[in-house]
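Only one structure is covered here, and it is reproduced in the block below.
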Amino acid sequence: MSVDPAAELEARLSQVRSVVRDVHERLYFRPILDALVGSPSARLGVEEAALRLEALGFKDVTAARTALEDMTAGLSRKSRAMHHVLPLMLDWLSLTPDPDLGLAQLRIALANTPDHAALVTLLQTNPLAGERLCRLLGTSRLIGDLIDRIPEFITRLADERLIGQIRDRDEEITRLLGLLEARPDPDARIGTVRRFARRRKLRIAARDILGEADAMSTITALTDSADATITAALHVAGDGADTGLGIVAMGKWGGGELSYGSDLDLIYVAIDEAGRDRGMRYAADLSRIVSEPSRHGEAYLLDAELRPEGRKGPLVRSLDSYRRYYEDWAEPWEMLALVKARPVAGDAPLLEDFAEMVGRFVWRESLPGDFLRSIREIKARVEKERIPAGEDPDFHLKLGRGGMSDVEFLTQLLQLRHGGAIPALRIPGTVPALAGLAEHGLLPAAEAGTLIEAYLFCTRVRLRMHLQMGRPVDSLPADRYQLRSLASSLGFDRSTELREEYRRVTRRARQVFEQRFYE
């Protein structure tokens, strides 16, 4: 019988690690738990246990004690099992960016899981699932909130294949439309659409934190989610029939660059004036399906302010109305915004006609004489006025010098300058557009690389801040604990390293911006 030395080594290493881990739990973490939950066998006093927790990164020992007592209270099978598994989970939580957040969210997740016994058994028998759960809960408030509504997701963490399983746009649309066909009840259909958006966001966020995807893959997947959700919602609004309405994505959504909390910028187009009133009804239904408060939870907020005349203009316009507006009254910033226009859902021939019409307006042989001056004035005003009070302009990922706004303004301006002659540049995404500009010799490859690096760095940090805090945030935290937690979750040893990396990539991007935007 042949012997595989490598396999024997791996088996022996796994065995030794298991023994060491067991000893570590019994000698270090078990006494902490026993002391804080008042076990008669406790070898540590409460104060000593608290000091150990503080040394491991737990700040609020009182809250930790309450959580541990709650999870181990009583004499049930679940409580006994939790008393066995919690020392190991404390170990895992101590390695996360925010152990206090992780423990608090673990307590909620266990309380809201319908089948406590099955979950506890999973954590006992599959350490990898427990370790991943602790990592997610100790990194992201958003994931904690999502798991609270979708506790069955935890079982996916035990299967390596399911972590990175994110279907692409077309697959998800086909699958979601199939689910809707099986649910004739209108309210059930709304629930299906919203649960799809929420569950997919959770899977994308988990994949993000567990290191299975880069920033570009994450924003692409989030964009695919929005595309599928809106396509399905319009299908529900029209009850499967042709609505005669077209939906065009704008802004971050149009560019394929959505974050976790992005609103969906969009415009509505109808075939003709006769179909505009009907289109208004469908647009209202779309908002009701994905945006309005509902027992099914949130999905997306829709924002149509990039339409002609903004809030003062009609929500839905006919194709001819858009054509007249863009030809006679559109301002330079609207031309810039239309670089990111991307047809998403609805009447396919209508969307093709709209894209062709917009293309004639946007992609010209030369730009109007006062166009550059107007765009530069808008950019200066954005830098001066739009950073909210209380946010640090020196570390603002979106609007700071060398941040995402600089990269987007320059990229779109270069696209407008050269897209009339080079159709390959007529693409809505910032990173693909920069790659195209470099490929056609319109931007040195090194400069394009500098801009892409800054854009993806700021994107990655912005995504992670939203996950950490559970809400959109655009500037690096001023709070030292929050900044340290953010830096840790991004792989930096110290928070100063995160700030230094931000300064490095944005300083270089700003140099490129200033040289090219004003030439």
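Each chain in the structure tokens gets a letter, A, B and so on, in the order shown; residues start at 1 in every chain, and ligands are counted from 1 in the order they appear.
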
Can I get the residues of segment 186-263 of chain A within 10 Å of segment 150-165 of chain A, each with the closest pair of atoms and their distance in Å to one decimal, using only C-alpha atoms, sorted chain first then ascending number, as CSV?
residue,atom,partner,partner_atom,distance
A:Arg195,CA,A:Ile150,CA,9.1
A:Arg198,CA,A:Ile150,CA,8.6
A:Arg199,CA,A:Ile150,CA,7.3
A:Leu202,CA,A:Phe153,CA,8.4
A:Arg203,CA,A:Ile163,CA,7.2
A:Ile204,CA,A:Gly164,CA,8.1
A:Ala206,CA,A:Ile163,CA,7.4
A:Arg207,CA,A:Gly164,CA,5.8
A:Asp208,CA,A:Gly164,CA,9.0
A:Leu210,CA,A:Ile163,CA,8.4
A:Gly211,CA,A:Gly164,CA,9.5
A:Glu212,CA,A:Gly164,CA,6.3
A:Ala213,CA,A:Gly164,CA,7.9

Using all heavy atoms, can you write the selected residues to a file as a compact mmCIF listing (two decimals), in the first residue's frame?
# COMPACT_ATOMS: atom_id res chain seq x y z
N ARG A 195 -37.17 40.34 -1.98
CA ARG A 195 -36.32 39.33 -1.35
C ARG A 195 -35.13 39.00 -2.25
O ARG A 195 -34.01 38.80 -1.75
CB ARG A 195 -37.11 38.06 -1.05
CG ARG A 195 -37.96 38.14 0.21
CD ARG A 195 -38.48 36.78 0.61
NE ARG A 195 -39.28 36.16 -0.44
CZ ARG A 195 -40.58 36.37 -0.59
NH1 ARG A 195 -41.22 37.18 0.24
NH2 ARG A 195 -41.25 35.77 -1.56
N ARG A 198 -32.53 41.75 -1.80
CA ARG A 198 -31.91 41.70 -0.47
C ARG A 198 -30.97 40.50 -0.35
O ARG A 198 -29.86 40.62 0.17
CB ARG A 198 -33.01 41.67 0.58
CG ARG A 198 -32.53 41.91 1.99
CD ARG A 198 -33.68 42.28 2.90
NE ARG A 198 -34.77 41.32 2.82
CZ ARG A 198 -35.98 41.62 2.35
NH1 ARG A 198 -36.23 42.82 1.87
NH2 ARG A 198 -36.95 40.71 2.34
N ARG A 199 -31.41 39.33 -0.79
CA ARG A 199 -30.60 38.13 -0.67
C ARG A 199 -29.34 38.21 -1.53
O ARG A 199 -28.26 37.77 -1.13
CB ARG A 199 -31.43 36.90 -1.05
CG ARG A 199 -32.45 36.54 0.02
CD ARG A 199 -33.37 35.43 -0.44
NE ARG A 199 -34.27 35.02 0.63
CZ ARG A 199 -35.29 34.20 0.49
NH1 ARG A 199 -35.55 33.69 -0.71
NH2 ARG A 199 -36.04 33.88 1.52
N LEU A 202 -26.79 40.40 0.11
CA LEU A 202 -26.11 39.69 1.19
C LEU A 202 -25.03 38.77 0.64
O LEU A 202 -23.91 38.73 1.16
CB LEU A 202 -27.13 38.90 2.01
CG LEU A 202 -26.57 37.99 3.12
CD1 LEU A 202 -25.70 38.78 4.08
CD2 LEU A 202 -27.72 37.31 3.87
N ARG A 203 -25.33 38.03 -0.42
CA ARG A 203 -24.33 37.13 -0.98
C ARG A 203 -23.14 37.90 -1.55
O ARG A 203 -21.98 37.50 -1.38
CB ARG A 203 -24.96 36.26 -2.08
CG ARG A 203 -25.99 35.28 -1.55
CD ARG A 203 -26.26 34.16 -2.55
NE ARG A 203 -26.80 34.65 -3.82
CZ ARG A 203 -28.08 34.83 -4.08
NH1 ARG A 203 -28.98 34.59 -3.13
NH2 ARG A 203 -28.48 35.24 -5.26
N ILE A 204 -23.43 39.02 -2.20
CA ILE A 204 -22.34 39.83 -2.77
C ILE A 204 -21.47 40.40 -1.65
O ILE A 204 -20.23 40.40 -1.74
CB ILE A 204 -22.91 40.96 -3.65
CG1 ILE A 204 -23.58 40.37 -4.89
CG2 ILE A 204 -21.81 41.93 -4.07
CD1 ILE A 204 -24.41 41.38 -5.66
N ALA A 206 -21.06 39.23 1.43
CA ALA A 206 -20.30 38.16 2.07
C ALA A 206 -19.10 37.78 1.22
O ALA A 206 -17.98 37.59 1.73
CB ALA A 206 -21.20 36.95 2.31
N ARG A 207 -19.30 37.65 -0.09
CA ARG A 207 -18.20 37.33 -0.99
C ARG A 207 -17.13 38.41 -0.93
O ARG A 207 -15.93 38.13 -0.95
CB ARG A 207 -18.73 37.18 -2.42
CG ARG A 207 -17.68 36.71 -3.41
CD ARG A 207 -18.25 36.64 -4.82
NE ARG A 207 -18.49 37.96 -5.39
CZ ARG A 207 -18.81 38.17 -6.67
NH1 ARG A 207 -18.93 37.15 -7.49
NH2 ARG A 207 -19.03 39.40 -7.12
N ASP A 208 -17.55 39.66 -0.84
CA ASP A 208 -16.64 40.80 -0.76
C ASP A 208 -15.75 40.68 0.48
O ASP A 208 -14.51 40.73 0.39
CB ASP A 208 -17.48 42.08 -0.72
CG ASP A 208 -16.65 43.35 -0.70
OD1 ASP A 208 -15.41 43.28 -0.64
OD2 ASP A 208 -17.25 44.45 -0.73
N LEU A 210 -15.20 38.11 2.51
CA LEU A 210 -14.42 36.87 2.62
C LEU A 210 -13.33 36.77 1.57
O LEU A 210 -12.66 35.74 1.45
CB LEU A 210 -15.36 35.66 2.52
CG LEU A 210 -16.37 35.54 3.67
CD1 LEU A 210 -17.33 34.39 3.43
CD2 LEU A 210 -15.66 35.38 5.01
N GLY A 211 -13.15 37.85 0.81
CA GLY A 211 -12.01 37.93 -0.09
C GLY A 211 -12.15 37.18 -1.39
O GLY A 211 -11.15 36.86 -2.05
N GLU A 212 -13.38 36.92 -1.80
CA GLU A 212 -13.60 36.15 -3.02
C GLU A 212 -13.81 37.04 -4.25
O GLU A 212 -14.02 36.51 -5.34
CB GLU A 212 -14.81 35.23 -2.83
CG GLU A 212 -14.68 34.23 -1.71
CD GLU A 212 -13.64 33.17 -2.00
OE1 GLU A 212 -13.37 32.91 -3.19
OE2 GLU A 212 -13.07 32.61 -1.04
N ALA A 213 -13.80 38.36 -4.09
CA ALA A 213 -14.07 39.24 -5.24
C ALA A 213 -13.37 40.57 -5.05
O ALA A 213 -13.25 41.07 -3.92
CB ALA A 213 -15.58 39.46 -5.41

Non-local contacts of Ser374 of chain A (12 Å; only C-alpha atoms; under 2 positions in same chain excluded) as a PDB file with C-alpha atoms, in the first residue's frame:
ATOM      1  CA  GLU A 331     -26.967  72.098 -21.057  1.00  0.00           C
ATOM      2  CA  PRO A 332     -23.360  70.849 -21.234  1.00  0.00           C
ATOM      3  CA  TRP A 333     -23.608  68.920 -17.962  1.00  0.00           C
ATOM      4  CA  GLU A 334     -26.499  66.925 -19.432  1.00  0.00           C
ATOM      5  CA  MET A 335     -24.332  65.886 -22.366  1.00  0.00           C
ATOM      6  CA  LEU A 336     -21.705  64.752 -19.871  1.00  0.00           C
ATOM      7  CA  LEU A 367     -17.540  70.087 -28.907  1.00  0.00           C
ATOM      8  CA  PRO A 368     -19.284  73.476 -28.755  1.00  0.00           C
ATOM      9  CA  GLY A 369     -16.953  76.401 -28.092  1.00  0.00           C
ATOM     10  CA  ASP A 370     -18.141  77.177 -24.570  1.00  0.00           C
ATOM     11  CA  PHE A 371     -18.561  73.519 -23.576  1.00  0.00           C
ATOM     12  CA  LEU A 372     -15.184  73.094 -21.870  1.00  0.00           C
ATOM     13  CA  ARG A 376     -14.800  73.235 -15.782  1.00  0.00           C
ATOM     14  CA  GLU A 377     -17.004  75.714 -13.935  1.00  0.00           C
ATOM     15  CA  ILE A 378     -19.319  72.910 -12.852  1.00  0.00           C
ATOM     16  CA  LYS A 379     -16.356  70.848 -11.611  1.00  0.00           C
ATOM     17  CA  ALA A 380     -15.015  73.792  -9.617  1.00  0.00           C
ATOM     18  CA  ARG A 381     -18.447  74.346  -8.080  1.00  0.00           C
ATOM     19  CA  LEU A 413     -14.648  64.661 -20.958  1.00  0.00           C
TER      20      LEU A 413
END

Might you pull out every residue within 12 Å of Met89 of chain A, with only C-alpha atoms counted and same-chain residues fewer than 4 positions away left off, and present them as a tab-separated table (two decimals) with N, CA and C atoms, in the first residue's frame?
chain	number	residue	atom	x	y	z
A	21	ARG	N	-5.80	24.19	19.38
A	21	ARG	CA	-6.97	25.05	19.48
A	21	ARG	C	-7.82	24.68	20.68
A	25	GLU	N	-8.62	27.14	23.78
A	25	GLU	CA	-9.98	27.48	24.21
A	25	GLU	C	-10.17	27.21	25.70
A	29	PHE	N	-10.16	31.03	26.70
A	29	PHE	CA	-11.50	31.53	26.45
A	29	PHE	C	-12.57	30.90	27.34
A	30	ARG	N	-12.41	29.61	27.70
A	30	ARG	CA	-13.38	28.99	28.57
A	30	ARG	C	-13.47	29.69	29.93
A	33	LEU	N	-15.60	32.89	29.59
A	33	LEU	CA	-17.03	32.62	29.51
A	33	LEU	C	-17.59	32.19	30.86
A	68	LEU	N	-23.37	37.25	26.36
A	68	LEU	CA	-22.98	35.87	26.69
A	68	LEU	C	-23.99	35.22	27.63
A	82	MET	N	-24.36	26.07	23.17
A	82	MET	CA	-23.74	27.39	23.03
A	82	MET	C	-22.63	27.58	24.05
A	83	HIS	N	-22.81	27.06	25.24
A	83	HIS	CA	-21.76	27.16	26.25
A	83	HIS	C	-20.51	26.44	25.78
A	84	HIS	N	-20.71	25.40	24.96
A	84	HIS	CA	-19.57	24.65	24.44
A	84	HIS	C	-18.89	25.38	23.28
A	85	VAL	N	-19.69	26.01	22.41
A	85	VAL	CA	-19.14	26.58	21.18
A	85	VAL	C	-18.69	28.04	21.34
A	93	LEU	N	-14.13	35.98	17.00
A	93	LEU	CA	-14.56	37.38	17.04
A	93	LEU	C	-13.42	38.31	17.41
A	94	SER	N	-12.53	37.83	18.26
A	94	SER	CA	-11.41	38.68	18.69
A	94	SER	C	-10.49	39.03	17.53
A	95	LEU	N	-10.54	38.26	16.46
A	95	LEU	CA	-9.69	38.50	15.29
A	95	LEU	C	-10.34	39.41	14.26
A	96	THR	N	-11.59	39.81	14.50
A	96	THR	CA	-12.31	40.64	13.54
A	96	THR	C	-12.03	42.12	13.79
A	99	PRO	N	-14.87	43.38	17.35
A	99	PRO	CA	-15.40	42.25	18.13
A	99	PRO	C	-16.71	42.56	18.84
A	102	GLY	N	-19.50	42.31	16.40
A	102	GLY	CA	-19.70	40.92	16.03
A	102	GLY	C	-20.46	40.14	17.08
A	103	LEU	N	-20.12	40.33	18.35
A	103	LEU	CA	-20.80	39.60	19.42
A	103	LEU	C	-22.25	40.05	19.55
A	106	LEU	N	-24.11	38.55	16.66
A	106	LEU	CA	-24.26	37.10	16.83
A	106	LEU	C	-25.43	36.79	17.75
A	107	ARG	N	-25.54	37.56	18.81
A	107	ARG	CA	-26.65	37.37	19.74
A	107	ARG	C	-28.00	37.55	19.04
A	120	VAL	N	-26.95	26.00	15.91
A	120	VAL	CA	-25.90	25.72	16.88
A	120	VAL	C	-25.15	24.44	16.50
A	123	LEU	N	-22.70	25.26	13.82
A	123	LEU	CA	-21.52	25.95	14.35
A	123	LEU	C	-20.59	24.98	15.08
A	124	GLN	N	-21.19	23.96	15.70
A	124	GLN	CA	-20.39	22.96	16.40
A	124	GLN	C	-19.66	22.04	15.44
A	127	PRO	N	-16.64	24.13	11.90
A	127	PRO	CA	-15.94	25.33	12.38
A	127	PRO	C	-15.74	26.39	11.30
A	128	LEU	N	-15.58	25.96	10.05
A	128	LEU	CA	-15.37	26.94	8.98
A	128	LEU	C	-16.57	27.86	8.85
A	129	ALA	N	-17.78	27.31	8.96
A	129	ALA	CA	-18.98	28.16	8.89
A	129	ALA	C	-19.02	29.14	10.04
A	130	GLY	N	-18.68	28.65	11.24
A	130	GLY	CA	-18.67	29.54	12.40
A	130	GLY	C	-17.64	30.63	12.29
A	131	GLU	N	-16.46	30.28	11.80
A	131	GLU	CA	-15.40	31.27	11.64
A	131	GLU	C	-15.81	32.34	10.62
A	132	ARG	N	-16.41	31.90	9.51
A	132	ARG	CA	-16.87	32.86	8.50
A	132	ARG	C	-17.98	33.74	9.04
A	133	LEU	N	-18.90	33.17	9.77
A	133	LEU	CA	-19.99	33.96	10.34
A	133	LEU	C	-19.43	35.03	11.27
A	134	CYS	N	-18.48	34.67	12.12
A	134	CYS	CA	-17.88	35.65	13.03
A	134	CYS	C	-17.16	36.75	12.26
A	135	ARG	N	-16.47	36.37	11.21
A	135	ARG	CA	-15.75	37.36	10.41
A	135	ARG	C	-16.72	38.35	9.77
A	137	LEU	N	-19.89	39.08	10.79
A	137	LEU	CA	-20.59	39.88	11.80
A	137	LEU	C	-19.66	40.86	12.50
A	138	GLY	N	-18.38	40.52	12.62
A	138	GLY	CA	-17.43	41.43	13.24
A	138	GLY	C	-16.83	42.45	12.30

As a PDB file with all heavy atoms, in the first residue's frame, please: every residue in segment 285-514 of chain A that a backbone DSSP assignment puts in strand (DSSP E).
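Full text of out18.pdb as output:
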ATOM      1  N   LEU A 302     -35.563  54.946  -6.216  1.00  0.00           N
ATOM      2  CA  LEU A 302     -35.438  55.391  -7.601  1.00  0.00           C
ATOM      3  C   LEU A 302     -35.302  56.911  -7.640  1.00  0.00           C
ATOM      4  O   LEU A 302     -36.027  57.625  -6.954  1.00  0.00           O
ATOM      5  CB  LEU A 302     -36.664  54.955  -8.409  1.00  0.00           C
ATOM      6  CG  LEU A 302     -37.001  53.465  -8.377  1.00  0.00           C
ATOM      7  CD1 LEU A 302     -38.214  53.174  -9.250  1.00  0.00           C
ATOM      8  CD2 LEU A 302     -35.812  52.625  -8.814  1.00  0.00           C
ATOM      9  N   ASP A 303     -34.384  57.406  -8.448  1.00  0.00           N
ATOM     10  CA  ASP A 303     -34.110  58.840  -8.541  1.00  0.00           C
ATOM     11  C   ASP A 303     -34.129  59.252 -10.009  1.00  0.00           C
ATOM     12  O   ASP A 303     -33.265  58.859 -10.787  1.00  0.00           O
ATOM     13  CB  ASP A 303     -32.745  59.156  -7.921  1.00  0.00           C
ATOM     14  CG  ASP A 303     -32.476  60.652  -7.826  1.00  0.00           C
ATOM     15  OD1 ASP A 303     -33.163  61.422  -8.510  1.00  0.00           O
ATOM     16  OD2 ASP A 303     -31.571  61.055  -7.075  1.00  0.00           O
ATOM     17  N   VAL A 316     -42.123  61.242 -17.213  1.00  0.00           N
ATOM     18  CA  VAL A 316     -42.009  60.415 -18.422  1.00  0.00           C
ATOM     19  C   VAL A 316     -42.148  61.327 -19.637  1.00  0.00           C
ATOM     20  O   VAL A 316     -43.049  62.167 -19.687  1.00  0.00           O
ATOM     21  CB  VAL A 316     -43.098  59.321 -18.453  1.00  0.00           C
ATOM     22  CG1 VAL A 316     -42.973  58.479 -19.722  1.00  0.00           C
ATOM     23  CG2 VAL A 316     -43.016  58.438 -17.207  1.00  0.00           C
ATOM     24  N   ARG A 317     -41.267  61.158 -20.602  1.00  0.00           N
ATOM     25  CA  ARG A 317     -41.334  61.914 -21.853  1.00  0.00           C
ATOM     26  C   ARG A 317     -41.388  60.946 -23.028  1.00  0.00           C
ATOM     27  O   ARG A 317     -40.886  59.817 -22.952  1.00  0.00           O
ATOM     28  CB  ARG A 317     -40.098  62.810 -22.022  1.00  0.00           C
ATOM     29  CG  ARG A 317     -40.077  64.064 -21.182  1.00  0.00           C
ATOM     30  CD  ARG A 317     -38.795  64.840 -21.447  1.00  0.00           C
ATOM     31  NE  ARG A 317     -38.683  66.035 -20.642  1.00  0.00           N
ATOM     32  CZ  ARG A 317     -39.002  67.261 -21.059  1.00  0.00           C
ATOM     33  NH1 ARG A 317     -39.436  67.444 -22.304  1.00  0.00           N
ATOM     34  NH2 ARG A 317     -38.865  68.293 -20.257  1.00  0.00           N
ATOM     35  N   SER A 318     -41.951  61.424 -24.125  1.00  0.00           N
ATOM     36  CA  SER A 318     -41.925  60.637 -25.357  1.00  0.00           C
ATOM     37  C   SER A 318     -40.550  60.767 -26.001  1.00  0.00           C
ATOM     38  O   SER A 318     -39.769  61.669 -25.686  1.00  0.00           O
ATOM     39  CB  SER A 318     -42.988  61.140 -26.330  1.00  0.00           C
ATOM     40  OG  SER A 318     -42.648  62.434 -26.811  1.00  0.00           O
ATOM     41  N   ARG A 342     -27.553  54.161 -20.156  1.00  0.00           N
ATOM     42  CA  ARG A 342     -27.517  52.746 -20.582  1.00  0.00           C
ATOM     43  C   ARG A 342     -28.930  52.166 -20.541  1.00  0.00           C
ATOM     44  O   ARG A 342     -29.532  52.065 -19.475  1.00  0.00           O
ATOM     45  CB  ARG A 342     -26.597  51.951 -19.652  1.00  0.00           C
ATOM     46  CG  ARG A 342     -26.489  50.465 -19.985  1.00  0.00           C
ATOM     47  CD  ARG A 342     -25.436  49.797 -19.097  1.00  0.00           C
ATOM     48  NE  ARG A 342     -25.777  49.883 -17.696  1.00  0.00           N
ATOM     49  CZ  ARG A 342     -26.521  48.985 -17.028  1.00  0.00           C
ATOM     50  NH1 ARG A 342     -27.019  47.928 -17.657  1.00  0.00           N
ATOM     51  NH2 ARG A 342     -26.773  49.144 -15.744  1.00  0.00           N
ATOM     52  N   PRO A 343     -29.492  51.793 -21.681  1.00  0.00           N
ATOM     53  CA  PRO A 343     -30.814  51.164 -21.687  1.00  0.00           C
ATOM     54  C   PRO A 343     -30.807  49.869 -20.865  1.00  0.00           C
ATOM     55  O   PRO A 343     -29.887  49.059 -20.995  1.00  0.00           O
ATOM     56  CB  PRO A 343     -31.066  50.873 -23.163  1.00  0.00           C
ATOM     57  CG  PRO A 343     -30.193  51.841 -23.892  1.00  0.00           C
ATOM     58  CD  PRO A 343     -28.967  51.988 -23.044  1.00  0.00           C
ATOM     59  N   VAL A 344     -31.842  49.695 -20.025  1.00  0.00           N
ATOM     60  CA  VAL A 344     -31.846  48.568 -19.102  1.00  0.00           C
ATOM     61  C   VAL A 344     -33.050  47.652 -19.284  1.00  0.00           C
ATOM     62  O   VAL A 344     -32.915  46.435 -19.382  1.00  0.00           O
ATOM     63  CB  VAL A 344     -31.795  49.061 -17.636  1.00  0.00           C
ATOM     64  CG1 VAL A 344     -32.130  47.930 -16.670  1.00  0.00           C
ATOM     65  CG2 VAL A 344     -30.423  49.621 -17.307  1.00  0.00           C
ATOM     66  N   ALA A 345     -34.251  48.231 -19.316  1.00  0.00           N
ATOM     67  CA  ALA A 345     -35.450  47.384 -19.281  1.00  0.00           C
ATOM     68  C   ALA A 345     -36.572  48.050 -20.061  1.00  0.00           C
ATOM     69  O   ALA A 345     -36.625  49.270 -20.198  1.00  0.00           O
ATOM     70  CB  ALA A 345     -35.879  47.134 -17.836  1.00  0.00           C
ATOM     71  N   GLY A 346     -37.495  47.223 -20.552  1.00  0.00           N
ATOM     72  CA  GLY A 346     -38.675  47.736 -21.229  1.00  0.00           C
ATOM     73  C   GLY A 346     -38.674  47.424 -22.707  1.00  0.00           C
ATOM     74  O   GLY A 346     -38.076  46.443 -23.171  1.00  0.00           O
TER      75      GLY A 346
END

Would you please extract all helix (DSSP H, G or I) residues from segment 65-155 of chain A, as assigned by DSSP on the backbone, and give them as a PyMOL selection string? chain A and resi 65-72+77-94+99-112+116-125+127-137+141-149+151-155

Residues from last step as file, C-alpha atoms, as a PDB file, in the first residue's frame:
ATOM      1  CA  ARG A  65     -21.395  39.916  29.471  1.00  0.00           C
ATOM      2  CA  THR A  66     -25.079  40.562  28.761  1.00  0.00           C
ATOM      3  CA  ALA A  67     -24.772  38.930  25.335  1.00  0.00           C
ATOM      4  CA  LEU A  68     -22.983  35.871  26.689  1.00  0.00           C
ATOM      5  CA  GLU A  69     -25.473  35.442  29.522  1.00  0.00           C
ATOM      6  CA  ASP A  70     -28.362  35.697  27.088  1.00  0.00           C
ATOM      7  CA  MET A  71     -26.932  33.106  24.691  1.00  0.00           C
ATOM      8  CA  THR A  72     -26.182  30.568  27.442  1.00  0.00           C
ATOM      9  CA  ARG A  77     -29.924  21.721  24.676  1.00  0.00           C
ATOM     10  CA  LYS A  78     -29.273  24.900  22.740  1.00  0.00           C
ATOM     11  CA  SER A  79     -27.909  26.700  25.809  1.00  0.00           C
ATOM     12  CA  ARG A  80     -25.593  23.809  26.682  1.00  0.00           C
ATOM     13  CA  ALA A  81     -24.349  23.640  23.103  1.00  0.00           C
ATOM     14  CA  MET A  82     -23.743  27.389  23.034  1.00  0.00           C
ATOM     15  CA  HIS A  83     -21.760  27.163  26.249  1.00  0.00           C
ATOM     16  CA  HIS A  84     -19.570  24.655  24.442  1.00  0.00           C
ATOM     17  CA  VAL A  85     -19.140  26.576  21.185  1.00  0.00           C
ATOM     18  CA  LEU A  86     -18.909  30.181  22.443  1.00  0.00           C
ATOM     19  CA  PRO A  87     -15.260  30.043  23.601  1.00  0.00           C
ATOM     20  CA  LEU A  88     -14.234  29.210  20.051  1.00  0.00           C
ATOM     21  CA  MET A  89     -16.458  31.959  18.658  1.00  0.00           C
ATOM     22  CA  LEU A  90     -14.998  34.478  21.094  1.00  0.00           C
ATOM     23  CA  ASP A  91     -11.609  33.537  19.688  1.00  0.00           C
ATOM     24  CA  TRP A  92     -12.814  34.124  16.127  1.00  0.00           C
ATOM     25  CA  LEU A  93     -14.565  37.376  17.035  1.00  0.00           C
ATOM     26  CA  SER A  94     -11.408  38.676  18.686  1.00  0.00           C
ATOM     27  CA  PRO A  99     -15.400  42.249  18.129  1.00  0.00           C
ATOM     28  CA  ASP A 100     -18.107  44.147  20.051  1.00  0.00           C
ATOM     29  CA  LEU A 101     -20.229  44.553  16.931  1.00  0.00           C
ATOM     30  CA  GLY A 102     -19.702  40.920  16.032  1.00  0.00           C
ATOM     31  CA  LEU A 103     -20.799  39.602  19.424  1.00  0.00           C
ATOM     32  CA  ALA A 104     -23.856  41.863  19.531  1.00  0.00           C
ATOM     33  CA  GLN A 105     -24.905  40.774  16.057  1.00  0.00           C
ATOM     34  CA  LEU A 106     -24.258  37.098  16.828  1.00  0.00           C
ATOM     35  CA  ARG A 107     -26.651  37.372  19.743  1.00  0.00           C
ATOM     36  CA  ILE A 108     -29.362  38.864  17.497  1.00  0.00           C
ATOM     37  CA  ALA A 109     -28.780  36.304  14.742  1.00  0.00           C
ATOM     38  CA  LEU A 110     -29.195  33.427  17.178  1.00  0.00           C
ATOM     39  CA  ALA A 111     -32.287  34.971  18.754  1.00  0.00           C
ATOM     40  CA  ASN A 112     -33.991  35.450  15.385  1.00  0.00           C
ATOM     41  CA  HIS A 116     -31.793  27.478  16.990  1.00  0.00           C
ATOM     42  CA  ALA A 117     -30.743  23.865  17.446  1.00  0.00           C
ATOM     43  CA  ALA A 118     -29.873  23.361  13.783  1.00  0.00           C
ATOM     44  CA  LEU A 119     -27.791  26.540  13.704  1.00  0.00           C
ATOM     45  CA  VAL A 120     -25.899  25.718  16.883  1.00  0.00           C
ATOM     46  CA  THR A 121     -25.263  22.200  15.579  1.00  0.00           C
ATOM     47  CA  LEU A 122     -23.884  23.709  12.368  1.00  0.00           C
ATOM     48  CA  LEU A 123     -21.517  25.947  14.346  1.00  0.00           C
ATOM     49  CA  GLN A 124     -20.388  22.963  16.401  1.00  0.00           C
ATOM     50  CA  THR A 125     -19.831  20.549  13.541  1.00  0.00           C
ATOM     51  CA  PRO A 127     -15.937  25.328  12.377  1.00  0.00           C
ATOM     52  CA  LEU A 128     -15.375  26.941   8.979  1.00  0.00           C
ATOM     53  CA  ALA A 129     -18.984  28.156   8.887  1.00  0.00           C
ATOM     54  CA  GLY A 130     -18.673  29.542  12.402  1.00  0.00           C
ATOM     55  CA  GLU A 131     -15.400  31.275  11.636  1.00  0.00           C
ATOM     56  CA  ARG A 132     -16.868  32.858   8.498  1.00  0.00           C
ATOM     57  CA  LEU A 133     -19.986  33.957  10.343  1.00  0.00           C
ATOM     58  CA  CYS A 134     -17.884  35.653  13.028  1.00  0.00           C
ATOM     59  CA  ARG A 135     -15.752  37.361  10.407  1.00  0.00           C
ATOM     60  CA  LEU A 136     -18.819  38.726   8.630  1.00  0.00           C
ATOM     61  CA  LEU A 137     -20.590  39.876  11.802  1.00  0.00           C
ATOM     62  CA  ARG A 141     -23.249  46.110  10.361  1.00  0.00           C
ATOM     63  CA  LEU A 142     -25.016  45.861   7.003  1.00  0.00           C
ATOM     64  CA  ILE A 143     -24.477  42.103   6.854  1.00  0.00           C
ATOM     65  CA  GLY A 144     -25.758  41.769  10.413  1.00  0.00           C
ATOM     66  CA  ASP A 145     -28.947  43.590   9.442  1.00  0.00           C
ATOM     67  CA  LEU A 146     -29.379  41.419   6.341  1.00  0.00           C
ATOM     68  CA  ILE A 147     -28.730  38.145   8.183  1.00  0.00           C
ATOM     69  CA  ASP A 148     -31.301  39.225  10.761  1.00  0.00           C
ATOM     70  CA  ARG A 149     -33.886  39.070   7.939  1.00  0.00           C
ATOM     71  CA  PRO A 151     -30.972  33.767   8.834  1.00  0.00           C
ATOM     72  CA  GLU A 152     -31.077  30.770   6.472  1.00  0.00           C
ATOM     73  CA  PHE A 153     -28.071  32.300   4.683  1.00  0.00           C
ATOM     74  CA  ILE A 154     -25.813  31.127   7.505  1.00  0.00           C
ATOM     75  CA  THR A 155     -26.002  27.531   6.294  1.00  0.00           C
TER      76      THR A 155
END

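Distance annotation: of A:Asp347, A:Asp98, A:Asp34, A:Asp353, the residue with the minimal separation from Ser485 of chain A is A:Asp98; atom set is only C-alpha atoms.
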